[in-house]
Structures are given as C-alpha cells and as structure tokens.
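For reference, the structure is listed below as structure tokens.
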Amino acid sequence: MDVIKDPADDVLKLDAKSALIGRLPRKEGDKFKTAVIRLYDVNNPHKTTEFPKKTFEFTNTEKVRIRSLTSSYYLEGNDLVINDLEELSIEHDGTKLTIKGSQQVVEKRD
C-alpha cells in the first residue's frame, strides 16, 4: 500500500473511482489530528476487501472542506465515502484541506 505523508505539493490532481476521508489520532506536539484520504478503484470500498491504491496523510489538520461532491457518512464507521469519482483534487493550505472534483451523478444505489 502506497502511503504518502504530508505531500510537498499544495495541490494534488488524482485519479480514483472513490475516496474515504477519515482521521488518525493527533501526533505528539500537533494541535490537530491527522486527516487521511484513501483512494480506491471501486465504489463503496468499505463494503469490500479492496486495499486503497494510494493513501495520503496530512498531519496537524484542523478542517477538511468538501466542495461540490456528493458524499455519504455511515454511522457504523468514522469515514466519509465519495463514490463515482472521475477526478479528485486535494488543496492543502496550512491546517486546512479542500477537496474538489467531478463525479457521475447517481441518484440511487443499492
């Protein structure tokens, strides 16, 4: 599994079918927790045994903004799920992340 910690680029343009957004505990000395974004080649990866094709960890992250993307939050877990992605962009600015992209519109899923 490819884990990229605190990528040097402020803007990442990524190719994935879905993404899970979660958090890890605060690292010693940091004010905020670590944001984790896992990318997959399948929809609803939390329902499969798929491993992420790439994982990004952003330490000391205060806030994650999601712009113009449909997402789901499952109460049994701690992650947000974004399916049907065509492209995903992560912008890193200090302690804040902004996630944008494009996705297919799916009105109903089983």
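By order of appearance in the structure tokens: chains A, B, ..., then residues from 1 within every chain, and ligands from 1 in the order shown.
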
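The neighbours of stretch 15-26 of chain A here are the residues that come within 6 Å of it, using only C-alpha atoms and leaving out any residue fewer than 3 positions away in the same chain; they are Phe32, Lys33, Thr34, Ala35, Val36, Ile37, Arg38, Leu39, Tyr40, Asp41, Val42, Asn43, Asp79, Leu80, Val81, Ile82, Asn83, Asp84, Leu85 and Glu87 of chain A.
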
Taking the chain letters and numbering used in this document, name the residues of chain A that DSSP puts in strand (DSSP E), as an MDAnalysis selection string.
chainID A and resid 3:5 11:14 18:24 33:40 54:61 63:66 72:73 80:82 85:93 96:103

Would you output that residue set with C-alpha atoms, as a JSON list (two decimals), in the first residue's frame?
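Output saved as out-v9.json:
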```
[["chain", "number", "residue", "atom", "x", "y", "z"],
["A", 3, "VAL", "CA", 1.16, 5.89, 1.89],
["A", 4, "ILE", "CA", 2.20, 9.49, 1.24],
["A", 5, "LYS", "CA", 2.67, 11.59, 4.37],
["A", 11, "VAL", "CA", -2.45, 20.90, -5.00],
["A", 12, "LEU", "CA", -2.85, 17.25, -5.94],
["A", 13, "LYS", "CA", -4.84, 16.13, -9.01],
["A", 14, "LEU", "CA", -5.74, 12.47, -8.62],
["A", 18, "SER", "CA", -13.88, 6.54, -4.80],
["A", 19, "ALA", "CA", -12.32, 8.06, -1.72],
["A", 20, "LEU", "CA", -12.63, 7.51, 2.02],
["A", 21, "ILE", "CA", -11.91, 10.50, 4.25],
["A", 22, "GLY", "CA", -11.08, 9.83, 7.88],
["A", 23, "ARG", "CA", -8.78, 10.76, 10.70],
["A", 24, "LEU", "CA", -5.96, 9.39, 12.80],
["A", 33, "LYS", "CA", -5.42, 15.36, 14.25],
["A", 34, "THR", "CA", -4.16, 13.75, 11.04],
["A", 35, "ALA", "CA", -6.53, 13.72, 8.05],
["A", 36, "VAL", "CA", -6.41, 10.56, 5.94],
["A", 37, "ILE", "CA", -7.65, 10.29, 2.36],
["A", 38, "ARG", "CA", -7.66, 6.80, 0.85],
["A", 39, "LEU", "CA", -8.20, 6.35, -2.90],
["A", 40, "TYR", "CA", -9.78, 3.28, -4.50],
["A", 54, "LYS", "CA", -2.96, 5.26, -2.56],
["A", 55, "THR", "CA", -3.27, 6.86, 0.89],
["A", 56, "PHE", "CA", -2.50, 10.46, 1.81],
["A", 57, "GLU", "CA", -1.91, 11.55, 5.40],
["A", 58, "PHE", "CA", -1.96, 15.24, 6.31],
["A", 59, "THR", "CA", -0.73, 15.80, 9.87],
["A", 60, "ASN", "CA", -1.98, 18.64, 12.07],
["A", 61, "THR", "CA", -5.17, 19.23, 10.04],
["A", 63, "LYS", "CA", -10.53, 21.18, 8.82],
["A", 64, "VAL", "CA", -11.46, 19.34, 5.62],
["A", 65, "ARG", "CA", -13.78, 21.17, 3.24],
["A", 66, "ILE", "CA", -15.61, 19.19, 0.57],
["A", 72, "SER", "CA", -22.10, 9.59, 2.35],
["A", 73, "TYR", "CA", -21.40, 9.17, 6.05],
["A", 80, "LEU", "CA", -16.94, 9.83, 4.66],
["A", 81, "VAL", "CA", -17.34, 7.97, 1.37],
["A", 82, "ILE", "CA", -17.23, 9.73, -2.01],
["A", 85, "LEU", "CA", -15.39, 9.98, -8.99],
["A", 86, "GLU", "CA", -13.98, 10.99, -12.33],
["A", 87, "GLU", "CA", -11.29, 13.24, -10.84],
["A", 88, "LEU", "CA", -10.30, 14.37, -7.35],
["A", 89, "SER", "CA", -8.31, 17.42, -6.30],
["A", 90, "ILE", "CA", -6.84, 18.00, -2.83],
["A", 91, "GLU", "CA", -5.68, 21.50, -1.97],
["A", 92, "HIS", "CA", -3.52, 21.86, 1.16],
["A", 93, "ASP", "CA", -3.29, 25.27, 2.79],
["A", 96, "LYS", "CA", -6.91, 23.15, 6.08],
["A", 97, "LEU", "CA", -7.70, 20.82, 3.18],
["A", 98, "THR", "CA", -10.17, 21.49, 0.37],
["A", 99, "ILE", "CA", -11.40, 18.53, -1.64],
["A", 100, "LYS", "CA", -12.94, 19.14, -5.06],
["A", 101, "GLY", "CA", -13.53, 17.06, -8.12],
["A", 102, "SER", "CA", -16.01, 15.77, -10.61],
["A", 103, "GLN", "CA", -18.22, 12.74, -10.36]]
```

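Shortest atom-to-atom contact with A:Pro52 among A:Lys31, A:Gln104, A:Asp2, A:Ala8: A:Asp2, counting only C-alpha atoms.
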
Of the listed residues A:Thr70, A:Gly77, A:Glu62, A:Met1, that which approaches A:Glu107 most closely, counting only C-alpha atoms
A:Thr70

May I ask which of the residues A:Leu69, A:Leu75, A:Thr48, A:Asp10 is the closest one to A:Val106, counting only C-alpha atoms?
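Smallest distance to A:Val106 is found for A:Leu69.
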
Length of the atom CA of A:His46 to atom CA of A:Ser71 vector [Å]:
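Here the two named atoms are 13.5 Å from each other.
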